[in-house]
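*Asks:* I am attaching a structure below and will ask some questions about it afterwards.
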Amino acid sequence: MAEVTLTGLTKHYGAARVVDAVSLSIASGEFITLLGPSGCGKTTTLRMIAGLAAPDAGRISLAGADVTGLPAHRRNIGMVFQSHALFPHMSVAENVAFGLRMRGLARGPRAERAQAALERVHLGAFGARLPAQLSGGQQQRVALARALVFDPHVLLLDEPFGALDRKLRELMQDELRDLTRRIGITAVFVTHDQEEAMILSDRVAVMNAGRIEQIDTPEAIFERPATRFVADFMGFGNIFDGHAANGTITAGGLCLRAAPPGPADGAVQVALRAERIALAAADTAGAENAAPGRITAATYHGTLTTYRMAPDNGGPELLVREASAGGTRFAPGARVVASWPAQAVRVLTG
Amino acid sequence: MRRLLQVVAALVAAFVLAPIVVVVVASFSDGAVPQFPPRTWSLRWYAHAIGEAAFTDAAWNSAWLAVIATLLATPLALAAAFAIVRGRFPGRQALQAFLLAPLFVPAIVISLAILVAMARLGVRDVGLRLVGAHVLVTFPYLVRTIIASLTRFDLGLEEAARTLGAHPLRGFLLVTLPLIRPGVIAGMLFALIVSFDNVSVSLFLTSARTNTLPLAILNYVEYNFDPSVAAISTMLVAVSLAAALLIERAVGLRRVVGG
């Protein structure tokens, strides 16, 4: 059964339409991420589900009931904010118990359940402290415990790990994934970080200009982007306008064969994954797609090294990403042959 | 340069404080007129001042007036500050300027305006007139400090309270109010002092039977020049100083909470 259903959700700020007829159905226990650049409407969508922003049009239903007109405090949702929004004048235990207090639970059971929730996020010994006495990661775990303690219909998370450093963020992502799977809660997560979306989600909805461009499993979004925007956001690196004739696509001077092949004839857009292009110093025999050329730039990123390569036949420059193996392999000016499998070429539909 | 600044600061402090020091020291005179420094020291004018019904009655009036006016002005100021900080309506800036206007308009003009307005409204009871007028005079001080606290307040906390199931009013009482409390308390102490010290507004509204302390002192010195006025003044200074220290503590507390 759908736990959360959005139907034609629309929101304007002034003349700008920040959320544009978003429809989405989220199954019970599903973890969905709204992914997109800042200003794409993902946070506004989340705030409308929470009841913190009112839609101009469309409907929201939670657990089968229409809540479009219901104020936030009557929706039974748990929300985690980027700023964690812990109450600074209350102890950690009081913070966690706040939602239970609002639901009229007596002091005794309240404290018990708050303690259990704190233990679930490994902070059982921190109940008496003030939020300011905790580290950033601990604060965010308290916020998570506070949002989950009253068994909400849905857990909403608005870039909760945006303020944490990379290592801590990865740890928190693991914890969040384990916790939400274990208790089987429905969750809507907002982020601009595609890797975070991949790690956490059952499904990812990529948003652009107030609309959902594509919604699918992380793997499908990453491997088979439908639109130019999604391909670009997923870091394909090479997106070309091309022309298909007899099943072969030409873009500039490049000849690309795609698998699956896409339309036989007409104008197409193709995306070519930068990390699936292999560079070799000599001709690579038997490659489906290959182009000789010259390296124009090399940048060492640590784990990865990126190259730009200008094909000899005057086609568009190729971006190539490869795992660094003991340093930069080619210097600018070096002659190379780039080759890639047909599966790395993706014909875009929009 | 730094040394020069210190000297200037010391001179300014001396210039401001010297008259008060003279009054405080003279209040301990033993003779029939204030002397500086007193030839003989005594507390007898304190006893005289405390025994003078004109002073004690007026002091009680002033104290009650200050407390009632502050308690009435505070919720009004809270509502006004909320509207100004949170509201999204045209003319917000104008409203803020308007509400703070009593700070900038000459006191005598305000006093006259209140007198005319009270007469027009037919408010004859002196107590009511004074309370009404003092609410108006203390209000801008409260609005100003509360606006300062609210501006710094993180709206996300109220939103968090709402998502946790708190009705907006409950969220305000449990989250917002405790966090802006230092600012509110500082504003209330300001209001108490402003009301207690006020001469100009009270001057137009008091009667022969109902007087406030500053006016009682004014009346007294018209016909008497004994050190009891200095004694009363010294006690007033002490009370004001205590209030100022409390404000400092409240504001200091805010730093602790905000940090």
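Every chain in the structure tokens has a letter given in the order shown (A, B, ...), and although residue numbers restart at 1 in each chain, ligands are simply numbered from 1 in the order shown.
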With a distance cut-off of 12 Å and only C-alpha atoms, select the neighbouring residues of stretch 56-70 of chain A, excluding the residue or stretch itself and same-chain residues fewer than 3 positions from it, and output the selection as an MDAnalysis selection string.
*Replies:* (chainID A and resid 1:14 17:29 44:53 73:77 152:155 186) or (chainID B and resid 162:163 165 167)
*Asks:* Counting only C-alpha atoms, what is within 12 Å of B:Ser240, bar same-chain residues fewer than 2 positions away, as JSON, numbers by chain?
*Replies:* {"B": [189, 190, 191, 192, 193, 194, 195, 196, 197, 233, 234, 235, 236, 237, 238, 242, 243, 244, 245, 246, 247]}
*Asks:* Counting only C-alpha atoms, give me one row per residue of chain A with an atom at most 12 Å from an atom of chain B, showing the shortest contact pair and its distance in Å to one decimal, sorted by chain then residue number, as JSON lines.
*Replies:*
{"residue": "A:Arg47", "atom": "CA", "partner": "B:Glu159", "partner_atom": "CA", "distance": 10.0}
{"residue": "A:Met48", "atom": "CA", "partner": "B:Thr163", "partner_atom": "CA", "distance": 11.6}
{"residue": "A:Ile49", "atom": "CA", "partner": "B:Thr163", "partner_atom": "CA", "distance": 10.6}
{"residue": "A:Ala50", "atom": "CA", "partner": "B:Thr163", "partner_atom": "CA", "distance": 6.8}
{"residue": "A:Gly51", "atom": "CA", "partner": "B:Thr163", "partner_atom": "CA", "distance": 8.0}
{"residue": "A:Leu52", "atom": "CA", "partner": "B:Glu159", "partner_atom": "CA", "distance": 7.1}
{"residue": "A:Ala53", "atom": "CA", "partner": "B:Glu159", "partner_atom": "CA", "distance": 10.5}
{"residue": "A:Leu70", "atom": "CA", "partner": "B:Thr163", "partner_atom": "CA", "distance": 11.8}
{"residue": "A:Pro71", "atom": "CA", "partner": "B:Arg162", "partner_atom": "CA", "distance": 8.5}
{"residue": "A:Ala72", "atom": "CA", "partner": "B:Thr163", "partner_atom": "CA", "distance": 5.5}
{"residue": "A:His73", "atom": "CA", "partner": "B:Gly165", "partner_atom": "CA", "distance": 3.9}
{"residue": "A:Arg74", "atom": "CA", "partner": "B:Gly165", "partner_atom": "CA", "distance": 6.1}
{"residue": "A:Arg75", "atom": "CA", "partner": "B:Thr163", "partner_atom": "CA", "distance": 7.7}
{"residue": "A:Asn76", "atom": "CA", "partner": "B:Gly165", "partner_atom": "CA", "distance": 6.9}
{"residue": "A:Ile77", "atom": "CA", "partner": "B:Thr163", "partner_atom": "CA", "distance": 6.3}
{"residue": "A:Gly78", "atom": "CA", "partner": "B:Thr163", "partner_atom": "CA", "distance": 6.4}
{"residue": "A:Met79", "atom": "CA", "partner": "B:Thr163", "partner_atom": "CA", "distance": 6.5}
{"residue": "A:Val80", "atom": "CA", "partner": "B:Ala160", "partner_atom": "CA", "distance": 8.1}
{"residue": "A:Phe81", "atom": "CA", "partner": "B:Gly156", "partner_atom": "CA", "distance": 7.9}
{"residue": "A:Gln82", "atom": "CA", "partner": "B:Gly156", "partner_atom": "CA", "distance": 9.6}
{"residue": "A:Ser83", "atom": "CA", "partner": "B:Gly156", "partner_atom": "CA", "distance": 7.8}
{"residue": "A:His84", "atom": "CA", "partner": "B:Gly156", "partner_atom": "CA", "distance": 8.7}
{"residue": "A:Ala85", "atom": "CA", "partner": "B:Leu157", "partner_atom": "CA", "distance": 5.1}
{"residue": "A:Leu86", "atom": "CA", "partner": "B:Leu157", "partner_atom": "CA", "distance": 6.9}
{"residue": "A:Phe87", "atom": "CA", "partner": "B:Leu157", "partner_atom": "CA", "distance": 6.6}
{"residue": "A:Pro88", "atom": "CA", "partner": "B:Val257", "partner_atom": "CA", "distance": 7.5}
{"residue": "A:His89", "atom": "CA", "partner": "B:Leu179", "partner_atom": "CA", "distance": 7.1}
{"residue": "A:Met90", "atom": "CA", "partner": "B:Val175", "partner_atom": "CA", "distance": 9.0}
{"residue": "A:Glu94", "atom": "CA", "partner": "B:Leu174", "partner_atom": "CA", "distance": 11.5}
{"residue": "A:Asn95", "atom": "CA", "partner": "B:Ala161", "partner_atom": "CA", "distance": 9.8}
{"residue": "A:Val96", "atom": "CA", "partner": "B:Leu164", "partner_atom": "CA", "distance": 9.7}
{"residue": "A:Ala97", "atom": "CA", "partner": "B:Leu164", "partner_atom": "CA", "distance": 9.7}
{"residue": "A:Phe98", "atom": "CA", "partner": "B:Leu164", "partner_atom": "CA", "distance": 7.0}
{"residue": "A:Gly99", "atom": "CA", "partner": "B:Leu164", "partner_atom": "CA", "distance": 4.7}
{"residue": "A:Leu100", "atom": "CA", "partner": "B:Leu164", "partner_atom": "CA", "distance": 8.3}
{"residue": "A:Arg101", "atom": "CA", "partner": "B:Gly165", "partner_atom": "CA", "distance": 8.9}
{"residue": "A:Met102", "atom": "CA", "partner": "B:Gly165", "partner_atom": "CA", "distance": 5.7}
{"residue": "A:Arg103", "atom": "CA", "partner": "B:Gly165", "partner_atom": "CA", "distance": 7.0}
{"residue": "A:Gly104", "atom": "CA", "partner": "B:Gly165", "partner_atom": "CA", "distance": 10.3}
{"residue": "A:Leu130", "atom": "CA", "partner": "B:Val257", "partner_atom": "CA", "distance": 10.8}
{"residue": "A:Pro131", "atom": "CA", "partner": "B:Val257", "partner_atom": "CA", "distance": 11.3}
{"residue": "A:Ala132", "atom": "CA", "partner": "B:Gly259", "partner_atom": "CA", "distance": 8.4}
{"residue": "A:Gln133", "atom": "CA", "partner": "B:Gly259", "partner_atom": "CA", "distance": 11.1}
{"residue": "A:Ala143", "atom": "CA", "partner": "B:Ala160", "partner_atom": "CA", "distance": 9.6}
{"residue": "A:Leu144", "atom": "CA", "partner": "B:Leu164", "partner_atom": "CA", "distance": 11.8}
{"residue": "A:Ala145", "atom": "CA", "partner": "B:Leu164", "partner_atom": "CA", "distance": 11.6}
{"residue": "A:Arg146", "atom": "CA", "partner": "B:Leu164", "partner_atom": "CA", "distance": 8.2}
{"residue": "A:Ala147", "atom": "CA", "partner": "B:Leu164", "partner_atom": "CA", "distance": 7.1}
{"residue": "A:Leu148", "atom": "CA", "partner": "B:Leu164", "partner_atom": "CA", "distance": 9.7}
{"residue": "A:Val149", "atom": "CA", "partner": "B:Leu164", "partner_atom": "CA", "distance": 9.8}
{"residue": "A:Phe150", "atom": "CA", "partner": "B:Leu164", "partner_atom": "CA", "distance": 8.6}
{"residue": "A:Asp151", "atom": "CA", "partner": "B:Leu164", "partner_atom": "CA", "distance": 11.0}
{"residue": "A:Pro152", "atom": "CA", "partner": "B:Leu164", "partner_atom": "CA", "distance": 9.3}
{"residue": "A:His153", "atom": "CA", "partner": "B:Thr163", "partner_atom": "CA", "distance": 11.9}
{"residue": "A:Val154", "atom": "CA", "partner": "B:Thr163", "partner_atom": "CA", "distance": 11.3}
{"residue": "A:Leu155", "atom": "CA", "partner": "B:Thr163", "partner_atom": "CA", "distance": 10.6}
{"residue": "A:Leu156", "atom": "CA", "partner": "B:Thr163", "partner_atom": "CA", "distance": 9.9}
{"residue": "A:Leu157", "atom": "CA", "partner": "B:Ala160", "partner_atom": "CA", "distance": 11.8}
{"residue": "A:Asp158", "atom": "CA", "partner": "B:Gly156", "partner_atom": "CA", "distance": 11.8}
*Asks:* For A:Ile239, find every residue with an atom within 10 Å (counting only C-alpha atoms), except residues of its own chain fewer than 3 positions away, and show them as JSON, numbers by chain.
*Replies:* {"A": [228, 229, 231, 232, 235, 236, 242, 251, 269, 270, 271, 272, 273, 274, 316, 318, 319, 345, 346, 347, 348]}
*Asks:* Residues at most 7 Å from B:Leu205, counting only C-alpha atoms, excluding those fewer than 5 positions away in the same chain, as a list in words?
*Replies:*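 Near neighbours after the sequence-gap exclusion: Leu115, Val126, Arg129 and Leu130 of chain B.
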*Asks:* Using DSSP assignments from the backbone, pull out every residue in stretch 104-272 of chain A that falls under alpha helix (DSSP H) and give it to me as a PyMOL selection string.
*Replies:* chain A and resi 107-120+136-148+166-183+194-200+218-223+228-233
*Asks:* Per DSSP on the backbone, what are the strand (DSSP E) residues of stretch 107-328 of chain A, as a PyMOL selection string?
*Replies:* chain A and resi 154-158+186-191+203-208+211-216+237-245+248-251+254-256+266-273+278-280+289-300+304-311+318-323
*Asks:* Name the residues in contact with B:Ala77 at a cut-off of 6 Å, using only C-alpha atoms, excluding same-chain residues fewer than 4 positions from it; report them as JSON, numbers by chain.
*Replies:* {"B": [73, 81, 142, 143]}
*Asks:* Please save N, CA, C and O atoms of the selected residues as a PDB file, in the first residue's frame.
*Replies:*
ATOM      1  N   ALA B  73       2.426  46.055  29.329  1.00  0.00           N
ATOM      2  CA  ALA B  73       3.110  46.383  28.070  1.00  0.00           C
ATOM      3  C   ALA B  73       3.815  45.160  27.481  1.00  0.00           C
ATOM      4  O   ALA B  73       3.946  45.049  26.258  1.00  0.00           O
ATOM      5  N   ALA B  81       6.209  42.729  18.400  1.00  0.00           N
ATOM      6  CA  ALA B  81       7.520  42.299  17.904  1.00  0.00           C
ATOM      7  C   ALA B  81       7.354  41.098  16.979  1.00  0.00           C
ATOM      8  O   ALA B  81       8.010  40.994  15.942  1.00  0.00           O
ATOM      9  N   LEU B 142      10.439  47.718  25.323  1.00  0.00           N
ATOM     10  CA  LEU B 142      10.176  46.278  25.259  1.00  0.00           C
ATOM     11  C   LEU B 142      10.198  45.785  23.818  1.00  0.00           C
ATOM     12  O   LEU B 142      10.817  44.768  23.510  1.00  0.00           O
ATOM     13  N   VAL B 143       9.528  46.517  22.940  1.00  0.00           N
ATOM     14  CA  VAL B 143       9.478  46.094  21.533  1.00  0.00           C
ATOM     15  C   VAL B 143      10.887  45.957  20.981  1.00  0.00           C
ATOM     16  O   VAL B 143      11.228  44.988  20.313  1.00  0.00           O
TER      17      VAL B 143
END
